[in-house]
file work34.txt (compact mmCIF, C-alpha atoms and all ligand atoms)
# COMPACT_ATOMS: atom_id res chain seq x y z
CA MET A 1 -26.45 7.05 14.51
CA LYS A 2 -28.83 7.21 11.60
CA ASN A 3 -29.86 3.72 10.70
CA SER A 4 -29.55 4.35 6.99
CA LYS A 5 -25.80 4.65 7.26
CA ILE A 6 -25.21 1.52 9.24
CA PHE A 7 -23.34 -0.34 6.53
CA ARG A 8 -21.28 2.58 5.41
CA ASN A 9 -20.01 3.04 8.95
CA SER A 10 -19.61 -0.62 9.72
CA LYS A 11 -17.18 -1.28 6.90
CA GLU A 12 -14.58 0.73 8.82
CA VAL A 13 -14.56 -2.06 11.40
CA PHE A 14 -12.82 -4.23 8.81
CA GLN A 15 -10.13 -1.87 7.66
CA ASP A 16 -6.78 -3.56 7.51
CA ILE A 17 -5.06 -1.76 10.35
CA VAL A 18 -2.56 -3.22 12.80
CA ASP A 19 -3.33 -1.72 16.18
CA SER A 20 -3.39 -3.92 19.24
CA LYS A 21 -6.16 -1.91 20.82
CA ASP A 22 -8.41 -3.65 18.28
CA TYR A 23 -7.03 -7.05 19.20
CA VAL A 24 -9.70 -9.72 19.28
CA GLN A 25 -9.00 -12.47 21.79
CA LEU A 26 -9.43 -15.91 20.32
CA ASP A 27 -8.49 -19.00 22.31
CA ARG A 28 -5.90 -20.36 19.95
CA SER A 29 -4.06 -17.11 19.34
CA MET A 30 -4.24 -16.19 23.03
CA ALA A 31 -2.58 -19.50 23.90
CA ILE A 32 0.21 -18.63 21.48
CA TYR A 33 0.43 -15.16 22.91
CA HIS A 34 0.88 -16.54 26.42
CA ALA A 35 3.44 -19.05 25.21
CA LEU A 36 5.39 -16.16 23.71
CA LYS A 37 5.24 -14.24 26.95
CA GLU A 38 6.52 -17.26 28.80
CA ALA A 39 9.27 -17.80 26.27
CA ILE A 40 10.49 -14.28 26.96
CA GLN A 41 10.93 -15.18 30.63
CA LYS A 42 13.03 -18.21 29.77
CA PRO A 43 16.75 -17.98 29.02
CA LEU A 44 16.00 -18.52 25.34
CA LYS A 45 17.95 -16.45 22.94
CA MET A 46 15.67 -16.39 19.96
CA ILE A 47 11.94 -16.45 19.60
CA LEU A 48 10.19 -16.87 16.30
CA VAL A 49 6.60 -16.22 15.25
CA PHE A 50 5.81 -17.52 11.81
CA GLY A 51 2.80 -18.01 9.60
CA LYS A 52 1.33 -17.05 6.28
CA PRO A 53 0.65 -13.39 5.55
CA GLY A 54 -2.57 -12.24 7.16
CA THR A 55 -2.55 -14.70 10.07
CA GLY A 56 -2.05 -11.97 12.68
CA LYS A 57 1.71 -11.90 13.27
CA SER A 58 2.08 -8.13 13.28
CA MET A 59 -1.02 -7.78 15.39
CA MET A 60 0.46 -10.14 17.97
CA LEU A 61 3.85 -8.42 18.02
CA ASN A 62 2.13 -5.10 18.41
CA LYS A 63 0.20 -6.40 21.39
CA LEU A 64 3.36 -7.86 22.90
CA TYR A 65 5.17 -4.60 22.45
CA LYS A 66 2.41 -2.55 24.07
CA GLU A 67 2.22 -4.91 27.01
CA LEU A 68 5.95 -5.26 27.65
CA SER A 69 7.20 -1.79 26.95
CA PRO A 70 6.05 -0.14 30.18
CA LYS A 71 7.99 -2.78 32.15
CA GLN A 72 11.20 -3.22 30.24
CA LYS A 73 13.24 -2.02 27.29
CA VAL A 74 11.53 -3.16 24.11
CA VAL A 75 12.32 -2.01 20.61
CA TYR A 76 9.81 -2.76 17.88
CA ILE A 77 11.07 -2.52 14.31
CA GLN A 78 8.01 -2.84 12.16
CA THR A 79 9.55 -1.99 8.82
CA PRO A 80 12.84 -3.80 8.25
CA VAL A 81 15.95 -1.64 8.26
CA ILE A 82 17.79 -3.68 5.66
CA ASP A 83 20.93 -1.59 5.41
CA GLU A 84 23.33 -3.09 7.96
CA THR A 85 25.02 0.02 9.25
CA GLU A 86 21.67 1.75 9.45
CA PHE A 87 20.29 -1.23 11.33
CA PHE A 88 23.01 -1.12 13.99
CA LYS A 89 22.67 2.61 14.29
CA VAL A 90 18.92 2.34 14.87
CA LEU A 91 19.47 -0.47 17.36
CA ALA A 92 22.16 1.40 19.30
CA TYR A 93 19.94 4.42 19.56
CA GLU A 94 16.73 2.60 20.41
CA ILE A 95 18.31 0.31 23.01
CA PHE A 96 21.08 2.40 24.55
CA ARG A 97 20.09 5.87 23.36
CA PHE A 98 23.52 5.97 21.78
CA ASN A 99 23.56 8.73 19.22
CA THR A 100 26.03 9.12 16.40
CA PRO A 101 25.93 11.02 13.13
CA ASP A 102 28.04 8.28 11.53
CA SER A 103 26.99 4.87 10.45
CA LEU A 104 27.65 1.98 12.79
CA ASN A 105 29.02 -1.43 11.94
CA PHE A 106 28.56 -4.69 13.77
CA THR A 107 31.86 -4.51 15.70
CA GLN A 108 31.11 -0.99 16.85
CA PHE A 109 27.66 -2.03 17.93
CA ILE A 110 29.08 -4.88 20.04
CA GLU A 111 31.52 -2.47 21.66
CA ILE A 112 28.70 -0.14 22.56
CA ALA A 113 26.59 -3.01 23.87
CA ASN A 114 29.48 -4.21 26.06
CA HIS A 115 29.70 -0.76 27.49
CA TYR A 116 26.20 -0.79 28.96
CA GLU A 117 24.89 -2.91 31.77
CA ILE A 118 21.14 -3.36 31.54
CA GLU A 119 19.54 -5.30 34.34
CA VAL A 120 16.76 -6.86 32.28
CA THR A 121 17.84 -8.01 28.82
CA PRO A 122 16.39 -5.63 26.26
CA ILE A 123 14.04 -7.15 23.71
CA VAL A 124 14.13 -6.33 20.03
CA ILE A 125 11.09 -7.27 17.99
CA LEU A 126 11.72 -7.58 14.26
CA ASP A 127 8.68 -7.81 12.02
CA GLU A 128 8.91 -9.02 8.40
CA ALA A 129 12.22 -10.63 9.27
CA GLN A 130 12.29 -12.63 6.05
CA LEU A 131 13.49 -9.40 4.44
CA TYR A 132 16.78 -9.25 6.34
CA SER A 133 19.83 -10.56 4.52
CA GLU A 134 21.50 -13.75 5.57
CA SER A 135 24.62 -11.86 6.54
CA LEU A 136 22.69 -9.54 8.81
CA MET A 137 20.80 -12.46 10.30
CA GLU A 138 24.11 -14.09 11.08
CA LYS A 139 25.17 -11.00 13.01
CA ILE A 140 21.85 -10.85 14.80
CA ARG A 141 22.47 -14.42 15.86
CA LEU A 142 25.87 -13.45 17.26
CA ILE A 143 24.31 -10.62 19.23
CA SER A 144 21.76 -13.07 20.61
CA ASP A 145 24.57 -15.40 21.60
CA SER A 146 26.16 -12.61 23.60
CA ARG A 147 22.85 -12.41 25.51
CA LYS A 148 23.03 -8.66 25.35
CA VAL A 149 19.76 -8.51 23.44
CA LYS A 150 16.87 -10.92 23.04
CA PHE A 151 15.30 -11.02 19.60
CA ILE A 152 11.77 -11.86 18.62
CA PHE A 153 11.13 -12.32 14.92
CA ALA A 154 8.04 -12.52 12.80
CA LEU A 155 8.56 -14.30 9.57
CA HIS A 156 6.35 -15.18 6.63
CA LYS A 157 6.32 -18.86 6.11
CA THR A 158 8.54 -19.12 3.08
CA GLU A 159 11.49 -21.17 1.99
CA LYS A 160 13.69 -18.53 3.54
CA GLU A 161 12.19 -19.32 6.90
CA ASP A 162 13.35 -22.91 6.58
CA LEU A 163 16.75 -21.66 5.60
CA ILE A 164 17.07 -19.44 8.61
CA ALA A 165 15.79 -22.20 10.83
CA LYS A 166 18.14 -24.78 9.44
CA GLU A 167 21.36 -23.03 8.72
CA HIS A 168 21.65 -20.38 11.34
CA PHE A 169 19.59 -21.36 14.27
CA GLN A 170 19.44 -25.07 14.31
CA THR A 171 21.80 -25.44 17.21
CA ARG A 172 20.52 -22.38 19.02
CA ILE A 173 18.15 -22.31 21.88
CA TRP A 174 15.00 -20.88 20.46
CA GLU A 175 11.30 -21.26 20.46
CA SER A 176 8.90 -20.90 17.59
CA GLN A 177 5.18 -20.43 17.40
CA GLU A 178 3.09 -20.77 14.29
CA LEU A 179 0.02 -18.66 13.62
CA GLN A 180 -2.64 -20.07 11.37
CA ASN A 181 -5.79 -19.05 9.60
CA ALA A 182 -9.00 -19.11 11.61
CA THR A 183 -11.30 -22.12 11.59
CA ALA A 184 -14.91 -21.39 10.63
CA SER A 185 -15.97 -21.15 14.27
CA GLU A 186 -13.03 -18.91 15.13
CA LEU A 187 -13.97 -16.72 12.20
CA THR A 188 -17.52 -16.41 13.53
CA LEU A 189 -16.11 -15.23 16.84
CA TYR A 190 -13.75 -12.86 15.09
CA ILE A 191 -16.51 -11.23 13.05
CA HIS A 192 -18.93 -11.09 15.97
CA LYS A 193 -16.42 -9.68 18.40
CA LYS A 194 -15.29 -7.00 15.97
CA LEU A 195 -18.84 -5.90 15.23
CA LEU A 196 -19.98 -6.04 18.85
CA ARG A 197 -17.03 -4.02 19.99
CA ALA A 198 -18.14 -1.29 17.60
CA ASN A 199 -21.74 -1.61 18.85
CA PHE A 200 -23.15 -3.10 15.64
CA PHE A 201 -25.29 -5.62 17.52
CA ASP A 202 -27.89 -6.21 14.81
CA LEU A 203 -25.24 -6.64 12.19
CA ALA A 204 -23.38 -9.20 14.29
CA ASN A 205 -26.61 -11.19 14.47
CA MET A 206 -26.80 -11.29 10.67
CA PHE A 207 -23.63 -13.37 10.56
CA SER A 208 -24.94 -16.82 11.34
CA ASP A 209 -22.69 -19.86 11.34
CA ARG A 210 -23.92 -20.51 7.81
CA SER A 211 -23.01 -17.05 6.52
CA VAL A 212 -19.59 -17.25 8.09
CA LYS A 213 -19.02 -20.69 6.58
CA ARG A 214 -19.55 -19.04 3.20
CA ILE A 215 -17.04 -16.35 4.04
CA HIS A 216 -14.62 -18.96 5.30
CA LYS A 217 -14.95 -20.82 2.03
CA PHE A 218 -13.65 -17.78 0.19
CA THR A 219 -11.00 -16.53 2.60
CA ASP A 220 -9.91 -19.83 4.15
CA GLY A 221 -10.08 -18.02 7.48
CA ASN A 222 -7.24 -15.67 6.65
CA TYR A 223 -7.80 -12.53 8.71
CA ARG A 224 -6.53 -10.09 6.14
CA ASP A 225 -8.59 -11.67 3.36
CA THR A 226 -11.64 -11.76 5.62
CA ASN A 227 -11.21 -8.07 6.37
CA LYS A 228 -11.08 -7.41 2.65
CA LEU A 229 -14.18 -9.45 1.95
CA MET A 230 -16.14 -7.94 4.84
CA TYR A 231 -15.19 -4.45 3.74
CA GLY A 232 -16.38 -5.21 0.21
CA LEU A 233 -19.53 -6.85 1.53
CA PHE A 234 -20.43 -3.80 3.57
CA GLU A 235 -19.76 -1.57 0.59
CA ILE A 236 -22.25 -3.58 -1.41
CA CYS A 237 -24.75 -3.53 1.46
CA SER A 238 -24.24 0.18 1.76
CA TRP A 239 -25.19 0.59 -1.87
CA TYR A 240 -28.38 -1.43 -1.39
CA GLU A 241 -29.11 0.52 1.75
CA GLY A 242 -29.34 3.66 -0.36
CA ASN A 243 -30.87 2.22 -3.51
CA ASP A 244 -32.78 -0.98 -2.82
CA PRO A 245 -33.10 -1.50 0.94
CA ALA A 246 -35.43 -4.51 0.62
CA LYS A 247 -32.45 -6.56 -0.58
CA ILE A 248 -30.75 -6.33 2.78
CA LYS A 249 -33.74 -6.57 5.08
CA HIS A 250 -32.94 -10.07 6.20
CA ARG A 251 -32.26 -11.77 9.45
CA THR A 252 -29.10 -13.29 8.13
CA MET A 253 -26.67 -12.00 5.53
CA PRO A 254 -27.86 -13.25 2.13
CA THR A 255 -25.45 -15.73 0.57
CA LYS A 256 -25.84 -13.94 -2.72
CA LEU A 257 -24.36 -10.77 -1.28
CA ILE A 258 -21.43 -12.66 0.21
CA GLU A 259 -20.79 -14.14 -3.21
CA MET A 260 -21.02 -10.73 -4.83
CA ALA A 261 -18.47 -9.45 -2.33
CA ALA A 262 -16.18 -12.38 -3.11
CA ILE A 263 -16.34 -11.48 -6.80
CA HIS A 264 -15.92 -7.79 -6.06
CA THR A 265 -12.82 -8.43 -3.97
CA GLY A 266 -11.37 -11.00 -6.36
CA PHE A 267 -11.78 -14.17 -4.31
CA ILE A 268 -13.84 -15.75 -7.08
CA ASP A 269 -14.03 -15.07 -10.77
CA ALA A 270 -17.22 -13.55 -12.08
N1 LIG B 301 -6.38 -11.26 16.90
C1 LIG B 301 -6.77 -10.31 16.05
N2 LIG B 301 -7.61 -9.36 16.44
C2 LIG B 301 -8.04 -8.40 15.62
N3 LIG B 301 -7.65 -8.29 14.36
C3 LIG B 301 -6.79 -9.21 13.88
C4 LIG B 301 -6.29 -10.26 14.69
N4 LIG B 301 -5.46 -11.00 13.94
C5 LIG B 301 -5.44 -10.44 12.73
N5 LIG B 301 -6.23 -9.35 12.68
C6 LIG B 301 -6.51 -8.50 11.52
O1 LIG B 301 -5.96 -9.11 10.38
C7 LIG B 301 -5.10 -8.21 9.69
C8 LIG B 301 -3.86 -8.97 9.28
O2 LIG B 301 -3.10 -9.28 10.45
P1 LIG B 301 -1.54 -9.02 10.51
O3 LIG B 301 -1.15 -9.05 11.93
O4 LIG B 301 -1.20 -7.80 9.74
O5 LIG B 301 -1.02 -10.32 9.75
P2 LIG B 301 0.46 -10.72 9.35
O6 LIG B 301 1.41 -9.81 10.04
O7 LIG B 301 0.57 -12.15 9.78
O8 LIG B 301 0.51 -10.59 7.85
C9 LIG B 301 -4.81 -7.06 10.64
O9 LIG B 301 -4.81 -5.83 9.94
C10 LIG B 301 -5.94 -7.10 11.63
O10 LIG B 301 -6.96 -6.22 11.21
MG MG B 302 2.76 -8.49 9.22
call {"tool": "encode", "arguments": {"input": "work34.txt", "output": "structure tokens"}}
result
Amino acid sequence: MKNSKIFRNSKEVFQDIVDSKDYVQLDRSMAIYHALKEAIQKPLKMILVFGKPGTGKSMMLNKLYKELSPKQKVVYIQTPVIDETEFFKVLAYEIFRFNTPDSLNFTQFIEIANHYEIEVTPIVILDEAQLYSESLMEKIRLISDSRKVKFIFALHKTEKEDLIAKEHFQTRIWESQELQNATASELTLYIHKKLLRANFFDLANMFSDRSVKRIHKFTDGNYRDTNKLMYGLFEICSWYEGNDPAKIKHRTMPTKLIEMAAIHTGFIDA
């Protein structure tokens, strides 16, 4: 690779893409991941992953899906299917390979589910579950009660989450795990691991604890926001690389550039 393009190429490392092959293992999120895997083995009916946007919920579900799907029936619905009859139709097809040109209501779905005997309870992973209506959630709860399907939800931490927790599921057997923003030291690991994995060794070295603390100040350790800031930072560095390379010939990432990136990406006002 030509050295002069190092920053232009490195920004791709921080694109906001959910693909578990890029999963960075951090102690705290790995502990949650293992707890989820254990929860699946238990006779729990509902499992919930919640947290603010950008804390890695989709990433974790994606990883779970990839790991479980070779061993058992797992359906991963990334984008909510909010129309009820469409939802049951998708579910019937994905779980039982039941195909129908018509729409499918809840009662019909239950009939179909009763028709099939599956040795290991199929798992349905629903991302962005805060978007499902209360009435559909109620039916999902009933399906869980029948133990025909085990649901795993990811939910933004909103008032709705409380609602679902309180009204529908309070008396149910379920487990929940909360994902949080990274601490400054977790963020250092995150940035280093991402860059090292892409073979940007010298760049990883530029992100000292002090530089990352700066980044953490702006993004509060939110992974999505950090991606955004890092992408912007590398865009700025890439410009200097072509126009004024002395500005980026440092052992550590200059604070000034991190601040410029924070302005550029809207984390601070100019
Ligand atoms: N453990 C992780 N390893 C690698 N990247 C991560 C990890 N957690 C979060 N990310 C990054 O942060 C971004 C936001 O994560 P995401 O799972 O979409 O958050 P959420 O679903 O909670 O809004 C992802 O696009 C991904 O690039
Ligand atoms: Mg998500």
call {"tool": "closest_residue", "arguments": {"input": "work34.txt", "among": "A:Tyr76, A:Tyr223, A:Phe201, A:Phe96", "to": "ligand LIG 301 (chain B)", "atoms": "only C-alpha atoms and all ligand atoms"}}
result
A:Tyr223
call {"tool": "closest_residue", "arguments": {"input": "work34.txt", "among": "A:Phe7, A:Tyr132, A:Phe153, A:Tyr65", "to": "ligand MG 302 (chain B)", "atoms": "all atoms listed in the file"}}
result
A:Phe153
call {"tool": "closest_residue", "arguments": {"input": "work34.txt", "among": "A:Val212, A:Leu229, A:Ile236, A:Val13", "to": "ligand LIG 301 (chain B)", "atoms": "all atoms listed in the file"}}
result
A:Val13
call {"tool": "residues_near_ligand", "arguments": {"input": "work34.txt", "ligand": "ligand MG 302 (chain B)", "cutoff": "8 Å", "atoms": "all atoms listed in the file", "output": "list of chain:residue names"}}
result
A:Pro53, A:Gly54, A:Gly56, A:Lys57, A:Ser58, A:Met59, A:Asp127, A:Glu128, A:Ala154
call {"tool": "residues_near_ligand", "arguments": {"input": "work34.txt", "ligand": "ligand LIG 301 (chain B)", "cutoff": "10 Å", "atoms": "all atoms listed in the file", "output": "NGL selection string"}}
result
:A and (13-30 or 33 or 49-63 or 78 or 127-128 or 154-157 or 179-182 or 190-191 or 193-194 or 222-228)
call {"tool": "residues_around", "arguments": {"input": "work34.txt", "residues": "stretch 107-113 of chain A", "least_positions_apart": "5", "cutoff": "12 Å", "atoms": "all atoms listed in the file", "output": "PyMOL selection string"}}
result
chain A and resi 84-100+102+118+121-122+139-140+142-149
call {"tool": "closest_residue", "arguments": {"input": "work34.txt", "among": "A:Gln41, A:Asn9, A:Ser176, A:Thr79", "to": "A:Ser238", "atoms": "all atoms listed in the file"}}
result
A:Asn9
call {"tool": "atom_distance", "arguments": {"input": "work34.txt", "atom1": "atom CA of A:Met137", "atom2": "atom CA of A:Glu178"}}
result
20.0 Å
call {"tool": "atom_distance", "arguments": {"input": "work34.txt", "atom1": "atom CA of A:Thr265", "atom2": "atom CA of A:Leu233"}}
result
8.8 Å
call {"tool": "closest_residue", "arguments": {"input": "work34.txt", "among": "A:Glu119, A:Glu175, A:Asp83, A:Glu67", "to": "A:Lys42", "atoms": "only C-alpha atoms"}}
result
A:Glu175
call {"tool": "atom_distance", "arguments": {"input": "work34.txt", "atom1": "atom CA of A:Val124", "atom2": "atom CA of A:Lys73"}}
result
8.5 Å
call {"tool": "residues_around", "arguments": {"input": "work34.txt", "residues": "A:Lys217", "least_positions_apart": "5", "cutoff": "10 Å", "atoms": "all atoms listed in the file", "output": "ChimeraX atom specification"}}
result
/A:184,211-212,262,267
call {"tool": "closest_residue", "arguments": {"input": "work34.txt", "among": "A:Pro80, A:Pro245, A:Tyr231, A:Gln177", "to": "A:His264", "atoms": "all atoms listed in the file"}}
result
A:Tyr231
